[in-house]
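Just my_file16.cif here, mmCIF, C-alpha atoms:
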```
data_structure
loop_
_atom_site.label_atom_id
_atom_site.label_comp_id
_atom_site.auth_asym_id
_atom_site.auth_seq_id
_atom_site.Cartn_x
_atom_site.Cartn_y
_atom_site.Cartn_z
CA MET A 1077 33.68 -13.17 14.55
CA LYS A 1078 30.32 -14.92 14.23
CA MET A 1079 27.38 -12.65 13.42
CA GLU A 1080 24.52 -12.73 15.90
CA GLU A 1081 21.45 -14.43 14.47
CA SER A 1082 18.46 -12.19 13.75
CA VAL A 1083 15.42 -12.69 15.96
CA VAL A 1084 11.85 -11.56 15.29
CA TYR A 1085 9.66 -10.55 18.26
CA MET A 1086 5.92 -9.96 18.20
CA TRP A 1087 3.39 -8.40 20.54
CA GLY A 1088 -0.09 -6.94 20.39
CA TYR A 1089 -3.21 -8.47 18.86
CA LEU A 1090 -2.50 -11.52 16.70
CA PRO A 1091 -5.48 -13.75 17.58
CA GLY A 1092 -4.20 -16.93 15.96
CA ALA A 1093 -0.80 -16.68 17.60
CA SER A 1094 -1.84 -16.34 21.23
CA SER A 1095 -3.85 -18.45 23.62
CA GLN A 1096 -7.59 -17.77 23.51
CA GLY A 1097 -6.98 -14.94 21.05
CA SER A 1098 -5.85 -12.56 23.80
CA PRO A 1099 -3.38 -9.74 23.09
CA LEU A 1100 0.33 -10.30 23.72
CA LEU A 1101 1.34 -7.67 26.26
CA SER A 1102 5.11 -8.08 25.92
CA PRO A 1103 7.52 -9.13 23.14
CA VAL A 1104 7.56 -12.85 22.34
CA PRO A 1105 10.18 -14.42 20.05
CA VAL A 1106 8.92 -15.89 16.78
CA ALA A 1107 10.48 -19.13 15.53
CA LEU A 1108 11.20 -19.71 11.87
CA PRO A 1109 9.04 -22.42 10.26
CA ALA A 1110 10.51 -25.91 10.49
CA SER A 1111 9.72 -26.31 6.79
CA THR A 1112 12.31 -23.71 5.76
CA LEU A 1113 15.96 -24.47 5.21
CA SER A 1114 17.86 -25.21 8.41
CA GLU A 1115 20.39 -22.48 7.65
CA ASP A 1116 17.68 -19.90 6.92
CA SER A 1117 17.18 -16.85 9.14
CA TRP A 1118 14.97 -13.78 9.43
CA LYS A 1119 15.70 -10.92 7.04
CA ASP A 1120 12.89 -8.38 7.29
CA VAL A 1121 9.60 -7.73 9.07
CA CYS A 1122 6.93 -6.07 6.97
CA GLY A 1123 4.18 -5.40 9.45
CA GLY A 1124 0.85 -6.95 8.64
CA GLY A 1125 -2.83 -6.40 8.16
CA CYS A 1126 -5.69 -6.70 10.61
CA GLY A 1127 -4.69 -9.62 12.78
CA PHE A 1128 -1.87 -11.20 10.79
CA ALA A 1129 1.87 -10.66 10.46
CA VAL A 1130 4.21 -10.74 7.45
CA ALA A 1131 7.97 -11.27 7.33
CA ILE A 1132 10.69 -12.36 4.90
CA SER A 1133 13.46 -14.90 5.46
CA GLU A 1134 17.04 -14.63 4.17
CA SER A 1135 16.26 -17.23 1.51
CA GLY A 1136 13.45 -15.03 0.20
CA LYS A 1137 10.49 -16.93 1.64
CA LEU A 1138 7.37 -14.95 2.53
CA ILE A 1139 6.37 -15.95 6.06
CA THR A 1140 2.90 -15.20 7.45
CA TRP A 1141 1.05 -16.02 10.67
CA GLY A 1142 -1.52 -14.77 13.15
CA SER A 1143 -5.10 -15.14 11.96
CA GLU A 1144 -7.53 -17.78 13.10
CA ASP A 1145 -10.20 -19.80 11.30
CA ASP A 1146 -13.15 -19.46 13.62
CA LEU A 1147 -13.28 -15.70 14.11
CA GLY A 1148 -14.86 -14.93 10.75
CA GLN A 1149 -13.04 -11.60 10.50
CA SER A 1150 -12.53 -9.90 7.15
CA TYR A 1151 -8.74 -10.16 7.34
CA LEU A 1152 -9.03 -13.90 6.79
CA THR A 1153 -9.73 -13.18 3.14
CA SER A 1154 -6.15 -12.08 2.62
CA GLY A 1155 -5.06 -15.70 2.62
CA GLN A 1156 -4.04 -18.46 4.95
CA HIS A 1157 -2.14 -17.20 7.99
CA GLY A 1158 -2.04 -19.98 10.56
CA GLU A 1159 -1.27 -20.10 14.25
CA THR A 1160 2.44 -20.65 13.64
CA PRO A 1161 4.65 -18.94 11.02
CA GLU A 1162 4.70 -20.78 7.69
CA PRO A 1163 5.87 -19.92 4.16
CA PHE A 1164 2.96 -18.46 2.22
CA PRO A 1165 2.40 -20.43 -1.02
CA LEU A 1166 3.08 -18.15 -3.99
CA PRO A 1167 3.06 -19.22 -7.65
CA THR A 1168 6.76 -18.40 -8.03
CA GLU A 1169 10.08 -19.73 -6.81
CA ALA A 1170 11.74 -16.31 -7.10
CA PRO A 1171 12.96 -14.85 -3.77
CA ILE A 1172 10.71 -12.24 -2.15
CA VAL A 1173 12.50 -8.97 -1.38
CA LYS A 1174 9.62 -6.73 -0.26
CA ALA A 1175 6.11 -7.20 1.10
CA ALA A 1176 3.31 -5.05 2.46
CA ALA A 1177 -0.20 -5.58 3.81
CA GLY A 1178 -3.36 -3.52 4.01
CA TRP A 1179 -6.44 -4.16 6.09
CA ALA A 1180 -7.22 -7.38 4.25
CA HIS A 1181 -4.88 -7.64 1.28
CA CYS A 1182 -1.21 -8.35 0.70
CA VAL A 1183 1.34 -7.54 -1.98
CA SER A 1184 4.81 -9.03 -2.39
CA LEU A 1185 7.72 -8.25 -4.71
CA THR A 1186 10.28 -10.69 -6.12
CA ASP A 1187 13.91 -10.03 -6.98
CA LYS A 1188 12.84 -10.10 -10.63
CA GLY A 1189 10.63 -7.04 -10.16
CA GLU A 1190 7.37 -9.03 -10.23
CA ALA A 1191 4.52 -8.17 -7.87
CA TYR A 1192 1.94 -10.63 -6.59
CA THR A 1193 -1.17 -9.46 -4.77
CA TRP A 1194 -4.09 -11.21 -3.08
CA GLY A 1195 -6.88 -10.59 -0.60
CA TRP A 1196 -10.05 -8.55 -0.88
CA LYS A 1197 -11.21 -8.68 -4.48
CA GLU A 1198 -11.51 -4.92 -4.69
CA CYS A 1199 -7.77 -4.72 -3.90
CA VAL A 1200 -6.76 -7.23 -6.59
CA PRO A 1201 -6.63 -6.06 -10.25
CA SER A 1202 -9.39 -7.41 -12.47
CA GLY A 1203 -9.51 -4.97 -15.38
CA LYS A 1204 -12.51 -2.90 -14.30
CA VAL A 1205 -12.62 0.70 -13.09
CA LEU A 1206 -15.67 2.26 -11.45
CA LEU A 1207 -15.77 5.99 -10.77
CA ASP A 1208 -18.02 8.26 -8.75
CA SER A 1209 -18.03 11.35 -10.90
CA ALA A 1210 -15.45 11.35 -13.68
CA GLY A 1211 -17.53 9.10 -15.94
CA VAL A 1212 -14.72 6.70 -16.83
CA ARG A 1213 -14.35 2.95 -16.44
CA PHE A 1214 -12.08 0.20 -17.73
CA GLU A 1215 -13.36 -3.11 -18.99
CA LYS A 1216 -11.77 -6.10 -20.65
CA ASP A 1217 -13.05 -7.00 -24.11
CA SER A 1218 -13.49 -10.53 -25.42
CA PHE A 1219 -9.82 -10.69 -26.38
CA GLY A 1220 -8.66 -9.79 -22.89
CA LYS A 1221 -7.55 -6.30 -23.94
CA GLN A 1222 -8.47 -3.27 -21.88
CA SER A 1223 -10.54 -0.44 -23.26
CA LEU A 1224 -11.53 2.85 -21.68
CA LEU A 1225 -15.28 3.39 -21.78
CA GLN A 1226 -17.44 6.34 -20.89
CA THR A 1227 -20.34 5.94 -18.51
CA GLU A 1228 -23.52 8.00 -18.59
CA GLN A 1229 -22.45 9.99 -15.56
CA GLU A 1230 -21.59 13.64 -16.00
CA GLY A 1231 -17.92 14.43 -16.34
CA PRO A 1232 -15.11 14.82 -18.87
CA LYS A 1233 -15.25 12.52 -21.87
CA PRO A 1234 -12.03 10.52 -22.01
CA GLN A 1235 -10.10 9.51 -25.07
CA SER A 1236 -9.93 5.78 -25.75
CA SER A 1237 -6.66 4.44 -24.45
CA ASN A 1238 -5.29 1.16 -23.20
CA SER A 1239 -1.79 2.30 -22.38
CA THR A 1240 -2.37 3.75 -18.93
CA GLY A 1241 -3.67 0.59 -17.34
CA GLY A 1242 -1.42 -2.29 -16.39
CA MET A 1243 -1.89 -5.95 -17.24
CA LEU A 1244 -2.85 -8.75 -14.91
CA SER A 1245 -2.15 -12.45 -15.06
CA HIS A 1246 -4.18 -14.68 -12.71
CA VAL A 1247 -1.98 -17.59 -11.79
CA ASP A 1248 -3.43 -20.97 -10.95
CA ASN A 1249 -2.11 -21.78 -7.52
CA ARG A 1250 -3.96 -24.76 -6.11
CA LYS A 1251 -2.09 -24.86 -2.82
CA ALA A 1252 -2.85 -21.23 -2.00
CA ARG A 1253 -6.45 -21.51 -3.14
CA GLU A 1254 -7.16 -24.75 -1.25
CA GLY A 1255 -6.65 -23.25 2.19
CA SER A 1256 -7.97 -19.79 1.42
CA ILE A 1257 -11.32 -20.87 0.00
CA LYS A 1258 -12.21 -22.47 3.33
CA LYS A 1259 -11.36 -19.22 5.11
CA ARG A 1260 -13.31 -17.25 2.55
CA ARG A 1261 -16.45 -19.30 3.27
CA THR A 1262 -15.96 -18.99 7.02
CA SER A 1263 -15.56 -15.22 6.74
CA SER A 1264 -18.43 -14.60 4.36
CA ALA A 1265 -20.80 -16.73 6.40
CA LYS A 1266 -20.13 -14.97 9.69
CA GLN A 1267 -19.51 -11.35 8.84
CA GLU A 1268 -20.53 -9.12 6.00
CA PRO A 1269 -17.47 -7.38 4.49
CA GLU A 1270 -16.97 -3.62 4.47
CA SER A 1271 -17.79 -3.43 0.78
CA SER A 1272 -21.38 -4.55 1.29
CA SER A 1273 -22.54 -3.57 -2.20
CA MET A 1274 -20.93 -6.71 -3.62
CA SER A 1275 -22.00 -10.29 -3.08
CA ASP A 1276 -19.76 -12.57 -1.03
CA ASP A 1277 -18.43 -14.41 -4.06
CA GLU A 1278 -17.62 -11.12 -5.80
CA THR A 1279 -15.97 -9.59 -2.75
CA PHE A 1280 -13.43 -12.29 -1.87
CA LEU A 1281 -10.51 -13.41 -3.95
CA ALA A 1282 -7.72 -15.04 -2.02
CA SER A 1283 -5.46 -16.49 -4.70
CA PRO A 1284 -2.29 -14.52 -5.57
CA CYS A 1285 -2.26 -12.71 -8.91
CA LEU A 1286 0.71 -11.48 -10.90
CA VAL A 1287 0.56 -7.76 -11.65
CA THR A 1288 2.59 -6.25 -14.47
CA LEU A 1289 2.79 -2.61 -15.47
CA GLY A 1290 3.55 -3.10 -19.15
CA PRO A 1291 6.21 -4.73 -21.35
CA GLY A 1292 9.67 -4.45 -19.83
CA VAL A 1293 8.56 -2.49 -16.75
CA ARG A 1294 10.05 -3.78 -13.50
CA ILE A 1295 8.62 -2.92 -10.09
CA SER A 1296 11.18 -1.70 -7.58
CA THR A 1297 9.01 -1.36 -4.46
CA VAL A 1298 5.41 -1.65 -3.29
CA ALA A 1299 3.22 -0.10 -0.59
CA ALA A 1300 -0.20 -1.10 0.74
CA GLY A 1301 -2.85 1.19 2.20
CA GLY A 1302 -6.12 0.29 3.81
CA ARG A 1303 -7.72 -0.77 0.53
CA HIS A 1304 -5.32 0.56 -2.11
CA THR A 1305 -1.87 -0.30 -3.41
CA LEU A 1306 0.98 1.70 -4.95
CA ALA A 1307 3.87 0.31 -6.98
CA LEU A 1308 7.03 2.17 -7.99
CA SER A 1309 8.66 1.13 -11.26
CA ASP A 1310 12.39 1.06 -11.92
CA MET A 1311 11.81 4.11 -14.15
CA GLY A 1312 10.52 6.13 -11.20
CA GLN A 1313 6.85 6.08 -12.18
CA VAL A 1314 4.07 5.45 -9.67
CA TRP A 1315 1.16 3.13 -10.39
CA GLY A 1316 -1.92 2.58 -8.24
CA TRP A 1317 -5.02 0.44 -7.96
CA GLY A 1318 -7.76 -0.48 -5.50
CA TYR A 1319 -10.16 1.83 -3.67
CA GLY A 1320 -9.77 5.55 -4.25
CA GLY A 1321 -12.86 7.24 -2.85
CA GLU A 1322 -10.86 9.97 -1.08
CA GLY A 1323 -8.36 10.58 -3.88
CA GLN A 1324 -5.64 8.24 -2.59
CA LEU A 1325 -5.00 7.02 -6.15
CA GLY A 1326 -4.24 10.55 -7.35
CA LEU A 1327 -6.46 10.39 -10.44
CA GLY A 1328 -8.31 13.66 -9.90
CA SER A 1329 -11.63 12.07 -8.97
CA ARG A 1330 -13.30 10.16 -6.16
CA THR A 1331 -12.71 6.75 -7.64
CA LYS A 1332 -14.79 3.97 -6.13
CA LEU A 1333 -12.65 1.21 -7.58
CA VAL A 1334 -9.64 1.07 -9.88
CA SER A 1335 -8.99 -2.57 -10.63
CA SER A 1336 -6.31 -2.06 -13.24
CA PRO A 1337 -2.87 -0.60 -12.38
CA HIS A 1338 -3.06 3.04 -13.41
CA LEU A 1339 -0.23 5.51 -13.93
CA ILE A 1340 -0.32 8.36 -11.40
CA PRO A 1341 1.07 11.55 -12.97
CA CYS A 1342 3.43 13.42 -10.66
CA PHE A 1343 5.40 15.53 -13.15
CA ASN A 1344 5.09 17.40 -16.42
CA PRO A 1345 2.59 15.42 -18.57
CA SER A 1346 5.00 15.52 -21.53
CA ALA A 1347 6.91 12.80 -19.71
CA TYR A 1348 3.98 10.45 -20.32
CA GLY A 1349 4.05 10.81 -24.11
CA LYS A 1350 0.95 9.55 -25.88
CA ASP A 1351 -0.85 9.02 -22.55
CA ARG A 1352 -1.04 12.78 -21.96
CA PRO A 1353 -4.43 13.51 -23.66
CA SER A 1354 -6.27 10.68 -21.90
CA LEU A 1355 -4.78 11.60 -18.53
CA ILE A 1356 -5.92 15.20 -18.84
CA HIS A 1357 -9.43 14.14 -19.87
CA GLN A 1358 -9.67 11.84 -16.89
CA GLY A 1359 -8.96 14.75 -14.57
CA SER A 1360 -5.58 13.41 -13.47
CA LEU A 1361 -3.88 16.66 -14.47
CA SER A 1362 -5.46 20.00 -13.74
CA SER A 1363 -3.03 21.83 -16.01
CA THR A 1364 0.47 21.61 -17.36
CA GLU A 1365 1.37 24.64 -15.26
CA ASP A 1366 0.42 22.97 -11.96
CA ILE A 1367 2.21 19.69 -12.53
CA SER A 1368 5.35 21.15 -14.09
CA LYS A 1369 6.15 22.98 -10.85
CA VAL A 1370 7.10 19.70 -9.14
CA PRO A 1371 10.88 19.60 -8.56
CA GLY A 1372 12.56 16.47 -9.88
CA SER A 1373 12.21 14.07 -12.76
CA HIS A 1374 11.17 10.79 -11.14
CA VAL A 1375 9.80 9.32 -7.91
CA LYS A 1376 12.15 7.50 -5.55
CA GLY A 1377 9.91 6.66 -2.58
CA ILE A 1378 6.26 5.80 -1.90
CA ALA A 1379 4.05 5.28 1.15
CA CYS A 1380 0.39 4.42 1.75
CA GLY A 1381 -1.69 5.40 4.75
CA GLY A 1382 -5.16 4.17 5.58
CA ARG A 1383 -6.75 6.36 2.90
CA HIS A 1384 -3.96 8.67 1.75
CA SER A 1385 -0.69 8.36 -0.14
CA ALA A 1386 2.69 10.08 -0.28
CA VAL A 1387 5.60 10.05 -2.71
CA ILE A 1388 9.09 11.58 -2.73
CA THR A 1389 10.80 12.84 -5.87
CA ASP A 1390 14.50 12.52 -6.67
CA ALA A 1391 14.83 16.21 -5.77
CA GLY A 1392 13.52 15.53 -2.27
CA GLN A 1393 10.08 17.06 -2.80
CA LEU A 1394 7.20 15.48 -0.87
CA LEU A 1395 3.84 15.06 -2.61
CA THR A 1396 0.67 13.87 -0.89
CA PHE A 1397 -2.85 12.99 -1.98
CA GLY A 1398 -6.00 11.39 -0.60
CA TRP A 1399 -8.01 11.72 2.60
CA GLY A 1400 -7.26 14.96 4.42
CA LEU A 1401 -9.75 15.08 7.29
CA HIS A 1402 -7.04 15.04 9.96
CA GLY A 1403 -4.47 17.09 8.04
CA GLN A 1404 -2.51 14.02 7.01
CA CYS A 1405 -1.71 15.50 3.60
CA GLY A 1406 0.23 18.34 5.29
CA LEU A 1407 -1.26 21.04 3.06
CA GLY A 1408 -2.55 23.31 5.84
CA ASN A 1409 -6.19 22.20 5.56
CA THR A 1410 -8.46 19.22 6.14
CA HIS A 1411 -9.69 18.79 2.57
CA ASP A 1412 -9.28 15.64 0.51
CA GLN A 1413 -6.54 16.01 -2.11
CA LEU A 1414 -7.53 14.28 -5.35
CA ARG A 1415 -4.23 14.79 -7.17
CA PRO A 1416 -0.59 14.67 -6.05
CA ALA A 1417 0.26 18.05 -4.50
CA CYS A 1418 3.56 19.45 -3.27
CA VAL A 1419 3.79 19.93 0.48
CA SER A 1420 4.93 23.52 0.14
CA ALA A 1421 5.80 23.86 3.83
CA LEU A 1422 8.73 21.51 3.15
CA SER A 1423 9.89 23.19 -0.05
CA GLY A 1424 13.24 24.11 1.49
CA VAL A 1425 13.74 20.63 2.96
CA LYS A 1426 15.14 17.66 1.06
CA VAL A 1427 12.93 14.78 2.16
CA THR A 1428 14.59 11.36 1.99
CA GLY A 1429 12.15 9.05 3.83
CA ILE A 1430 8.40 8.78 4.31
CA ALA A 1431 5.83 6.68 6.21
CA ALA A 1432 2.08 6.92 6.62
CA GLY A 1433 -0.37 5.67 9.24
CA LEU A 1434 -4.13 5.55 9.44
CA TRP A 1435 -4.53 9.29 10.06
CA HIS A 1436 -0.96 10.65 10.12
CA THR A 1437 2.25 11.01 8.14
CA LEU A 1438 5.95 11.11 9.08
CA CYS A 1439 8.94 12.05 6.96
CA PHE A 1440 12.59 12.86 7.54
CA SER A 1441 15.15 15.04 5.81
CA ASP A 1442 18.64 14.38 4.49
CA GLU A 1443 19.86 15.95 7.75
CA GLY A 1444 17.98 13.33 9.78
CA GLN A 1445 15.27 15.64 11.12
CA VAL A 1446 11.73 14.29 11.53
CA TYR A 1447 8.54 16.10 10.51
CA ALA A 1448 5.06 14.89 11.50
CA PHE A 1449 1.54 15.93 10.55
CA GLY A 1450 -2.05 14.66 10.65
CA GLY A 1451 -4.16 13.12 13.39
CA ASN A 1452 -2.71 13.02 16.89
CA GLN A 1453 -5.45 11.55 19.06
CA PHE A 1454 -3.06 8.96 20.49
CA GLY A 1455 0.12 11.02 20.46
CA GLN A 1456 1.26 9.38 17.23
CA LEU A 1457 2.90 12.59 16.00
CA GLY A 1458 5.33 12.71 18.91
CA THR A 1459 4.85 16.42 19.47
CA GLY A 1460 4.24 16.08 23.22
CA ALA A 1461 0.56 16.95 22.79
CA ASP A 1462 -2.53 15.40 21.25
CA GLN A 1463 -3.40 18.26 18.89
CA ALA A 1464 -3.63 17.49 15.17
CA GLU A 1465 -1.21 19.25 12.82
CA THR A 1466 -2.26 20.21 9.29
CA LEU A 1467 1.26 21.38 8.41
CA PRO A 1468 4.52 19.46 8.91
CA LYS A 1469 5.86 20.01 12.42
CA LEU A 1470 9.54 19.49 13.20
CA LEU A 1471 9.97 17.13 16.13
CA ASP A 1472 12.26 18.67 18.73
CA ALA A 1473 12.01 16.01 21.43
CA SER A 1474 15.01 16.06 23.76
CA ASN A 1475 15.73 12.36 23.20
CA LEU A 1476 16.20 13.03 19.49
CA GLU A 1477 18.89 15.67 20.07
CA ASN A 1478 22.20 14.83 18.37
CA LYS A 1479 20.46 11.93 16.64
CA ARG A 1480 20.06 11.46 12.92
CA VAL A 1481 16.87 9.62 11.96
CA LYS A 1482 17.50 6.97 9.30
CA ILE A 1483 14.14 5.16 9.09
CA VAL A 1484 10.56 6.12 9.97
CA SER A 1485 7.63 3.73 10.30
CA CYS A 1486 3.95 4.23 11.11
CA GLY A 1487 1.36 1.90 12.53
CA ALA A 1488 -2.31 2.80 12.46
CA ARG A 1489 -2.00 4.98 15.58
CA HIS A 1490 1.68 4.91 16.56
CA SER A 1491 5.07 5.75 15.09
CA VAL A 1492 8.62 4.40 15.27
CA VAL A 1493 11.95 5.86 14.14
CA LEU A 1494 15.44 4.37 13.89
CA THR A 1495 18.28 6.75 14.67
CA GLY A 1496 22.06 6.95 14.52
CA MET A 1497 24.52 9.43 15.95
CA ILE A 1498 25.18 12.65 14.02
#
```

I'd like the structure from this file rewritten - as structure tokens, please.
Amino acid sequence: MKMEESVVYMWGYLPGASSQGSPLLSPVPVALPASTLSEDSWKDVCGGGCGFAVAISESGKLITWGSEDDLGQSYLTSGQHGETPEPFPLPTEAPIVKAAAGWAHCVSLTDKGEAYTWGWKECVPSGKVLLDSAGVRFEKDSFGKQSLLQTEQEGPKPQSSNSTGGMLSHVDNRKAREGSIKKRRTSSAKQEPESSSMSDDETFLASPCLVTLGPGVRISTVAAGGRHTLALSDMGQVWGWGYGGEGQLGLGSRTKLVSSPHLIPCFNPSAYGKDRPSLIHQGSLSSTEDISKVPGSHVKGIACGGRHSAVITDAGQLLTFGWGLHGQCGLGNTHDQLRPACVSALSGVKVTGIAAGLWHTLCFSDEGQVYAFGGNQFGQLGTGADQAETLPKLLDASNLENKRVKIVSCGARHSVVLTGMI
């Protein structure tokens, strides 16, 4: 029996993909690029950033579309996304297996465990770390090695270490750069970016860069937040970089910019060996007692919201960190969480899936039950009301009865679940 061919549909606001930049009010089929193999087909849709869409074909091509040259919007800096779907030029022939996009940056993962990222310069690793209060920053010395330096700000004095930051290789990719530089000039000329403290040239970097987390470390999955990125290694360790002003990088401080992949401690610090002293000095670990209470030995799932993050351990424990104004960390308050913290309200629940939106978070258990918390101004929690929830709330909607949820997904202000029969 012949398998039915996969079809991608799009709707909503994709200015470059609709006439006169108007929103698409109903689903419209998306054709594969003519430049791909004739026998190719759609494999996965990965969502997208502000105004552009990202998908993956069966042959492992990264397909993007949606943005438009003449709007001058900041999302143009994430690369060239034309009116029609086209393969995005990456400096690798390896098949893409996973991709994610933030407000104006993208990250993709190959079947070899290599991650490429591009977009806003503050979202792309460069070797520098700027902090608000912890008094720590990374810089690259003349030999390209990273060193941890203390600023004159008040805060703990860190030990010199170069083992907690990842390595970055900028790859010369003329095809990607050729189209994106034009967009960069268009964008910078018409609209000042959100990060206004930097000059235009310093803010934009469109060419894809290869990110590595150390010798022999493979990346198993990636997630993109508004202006930050998380990567999960095949050893179950979480790394982060980008903007961390609300604690979404889990480093124990309000980090303005972390431009070098940094290990996020989620378990007993002894698991990090020689990195333990420097991590404690940086404020990443409040105490051995606090962190050793986390059930499990490694992380198996990650998610990024607009300004918060969530991870799941192999024991099914949910940890959250970052912006908490709407209760999206699920800790019973509206405070920012600067370090990974167990969501104690779910201590008796084995969490197996997680997703995060702009102001809210969804997760589901091994029994297929959905829990939601955070902002609810648009009904994105699915509770039947518009009241925010600072603690996980079990969804008991009648149309979810006798259904087992298998996948959860969050947009900025909406949510989607995929179910099966119990």

So which residues touch segment 1387-1396 of chain A within 6 Å, counting all atoms listed in the file, skipping near sequence neighbours fewer than 5 positions away, as a PDB file with C-alpha atoms, in the coordinates of the input?
```
ATOM      1  CA  PRO A1371      10.880  19.600  -8.560  1.00  0.00           C
ATOM      2  CA  GLY A1372      12.560  16.470  -9.880  1.00  0.00           C
ATOM      3  CA  HIS A1374      11.170  10.790 -11.140  1.00  0.00           C
ATOM      4  CA  VAL A1375       9.800   9.320  -7.910  1.00  0.00           C
ATOM      5  CA  LYS A1376      12.150   7.500  -5.550  1.00  0.00           C
ATOM      6  CA  GLY A1377       9.910   6.660  -2.580  1.00  0.00           C
ATOM      7  CA  ILE A1378       6.260   5.800  -1.900  1.00  0.00           C
ATOM      8  CA  CYS A1405      -1.710  15.500   3.600  1.00  0.00           C
ATOM      9  CA  PRO A1416      -0.590  14.670  -6.050  1.00  0.00           C
ATOM     10  CA  ALA A1417       0.260  18.050  -4.500  1.00  0.00           C
ATOM     11  CA  CYS A1418       3.560  19.450  -3.270  1.00  0.00           C
ATOM     12  CA  VAL A1419       3.790  19.930   0.480  1.00  0.00           C
ATOM     13  CA  LYS A1426      15.140  17.660   1.060  1.00  0.00           C
ATOM     14  CA  VAL A1427      12.930  14.780   2.160  1.00  0.00           C
TER      15      VAL A1427
END
```

(Q) Need to verify the contact set: Val1492 of chain A, 12 Å, only C-alpha atoms, exclusion of same-chain residues closer than 5 positions in sequence. Can you return it as a ChimeraX atom specification? (A) /A:1430-1433,1437-1439,1446,1448,1455-1458,1481-1487

Q: Report as a PyMOL selection string the residues that result from applying the PyMOL selection byres ((chain A and resi 1434) around 6) to the structure here.
A: chain A and resi 1381-1382+1433+1435+1488

Q. Which distance in Å separates atom CA of Val1287 of chain A and atom CA of Arg1303 of chain A, to one decimal?
A.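 Atom-to-atom, atom CA of Val1287 of chain A to atom CA of Arg1303 of chain A, that is 16.3 Å.
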
Q.
Could you list, as a list in words, every residue within 6 Å of Trp1179 of chain A, counting all atoms listed in the file and ignoring same-chain residues fewer than 3 positions away?
A. Gly1125, Cys1126 and Gly1302 of chain A

Those residues you just picked out, can you put them in a file as a compact mmCIF listing (two decimals), keeping the file's coordinate frame with C-alpha atoms?
```txt
# COMPACT_ATOMS: atom_id res chain seq x y z
CA GLY A 1125 -2.83 -6.40 8.16
CA CYS A 1126 -5.69 -6.70 10.61
CA GLY A 1302 -6.12 0.29 3.81
```

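Atom CA of Ser1133 of chain A to atom CA of Trp1315 of chain A spans 27.0 Å [interatomic distance, one decimal].
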
Q.
With distances taken over all atoms listed in the file, which residue among A:His1384, A:His1402, A:Lys1369, A:Lys1137 lies nearest Ser1423 of chain A?
A.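 With all atoms listed in the file as the atom set, the closest residue is A:Lys1369.
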
(Q) Excluding Gln1463 of chain A and its own-chain neighbours fewer than 6 positions away, which residues fall within 8 Å of it when counting only C-alpha atoms? Please give them as a PyMOL selection string. (A) chain A and resi 1451-1453

(Q) Given all atoms listed in the file as the basis, pick out the residue of A:Cys1285, A:Leu1306, A:Met1497, A:Ile1340 nearest to Lys1479 of chain A. (A)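 Using all atoms listed in the file, the shortest distance to Lys1479 of chain A belongs to A:Met1497.
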
Can you turn the PyMOL selection byres ((chain A and resi 1112) around 10) into a concrete residue list for this file, as an mmCIF file with C-alpha atoms, in the coordinates of the input?
```cif
data_model
loop_
_atom_site.group_PDB
_atom_site.id
_atom_site.type_symbol
_atom_site.label_atom_id
_atom_site.label_comp_id
_atom_site.auth_asym_id
_atom_site.auth_seq_id
_atom_site.Cartn_x
_atom_site.Cartn_y
_atom_site.Cartn_z
ATOM 1 C CA LEU A 1108 11.200 -19.710 11.870
ATOM 2 C CA PRO A 1109 9.040 -22.420 10.260
ATOM 3 C CA ALA A 1110 10.510 -25.910 10.490
ATOM 4 C CA SER A 1111 9.720 -26.310 6.790
ATOM 5 C CA LEU A 1113 15.960 -24.470 5.210
ATOM 6 C CA SER A 1114 17.860 -25.210 8.410
ATOM 7 C CA GLU A 1115 20.390 -22.480 7.650
ATOM 8 C CA ASP A 1116 17.680 -19.900 6.920
ATOM 9 C CA SER A 1117 17.180 -16.850 9.140
ATOM 10 C CA SER A 1133 13.460 -14.900 5.460
ATOM 11 C CA SER A 1135 16.260 -17.230 1.510
ATOM 12 C CA LYS A 1137 10.490 -16.930 1.640
ATOM 13 C CA ILE A 1139 6.370 -15.950 6.060
ATOM 14 C CA GLU A 1162 4.700 -20.780 7.690
ATOM 15 C CA PRO A 1163 5.870 -19.920 4.160
#
```

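Atom CA of Ala1191 of chain A lies 15.6 Å from atom CA of Gly1301 of chain A.
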
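Distance check against Asn1478 of chain A using all atoms listed in the file: of A:Gly1496, A:Asn1409, A:Val1106, A:Ala1129, the minimum falls on A:Gly1496.
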
Q: Check which residues satisfy the PyMOL selection byres ((chain A and resi 1288) around 12) in the file shown, then give them as a PyMOL selection string.
A: chain A and resi 1185+1188-1193+1201+1241-1246+1285-1287+1289-1296+1307-1309+1315-1316+1336-1338

I want to know what sits within 7 Å of Ser1385 of chain A, based on only C-alpha atoms, with residues of the same chain fewer than 3 positions away left out; could you give that as a CSV table (one decimal) with C-alpha atoms, keeping the file's coordinate frame?
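Writing the result to result-v4.csv gives the following:
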```
chain,number,residue,atom,x,y,z
A,1324,GLN,CA,-5.6,8.2,-2.6
A,1379,ALA,CA,4.0,5.3,1.2
A,1380,CYS,CA,0.4,4.4,1.8
A,1381,GLY,CA,-1.7,5.4,4.8
A,1396,THR,CA,0.7,13.9,-0.9
A,1397,PHE,CA,-2.8,13.0,-2.0
A,1398,GLY,CA,-6.0,11.4,-0.6
```

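Of the residues listed (A:Leu1471, A:Val1200, A:Ile1132, A:Ala1386), A:Ile1132 shows the shortest atom-to-atom separation from Val1173 of chain A; distances use all atoms listed in the file.
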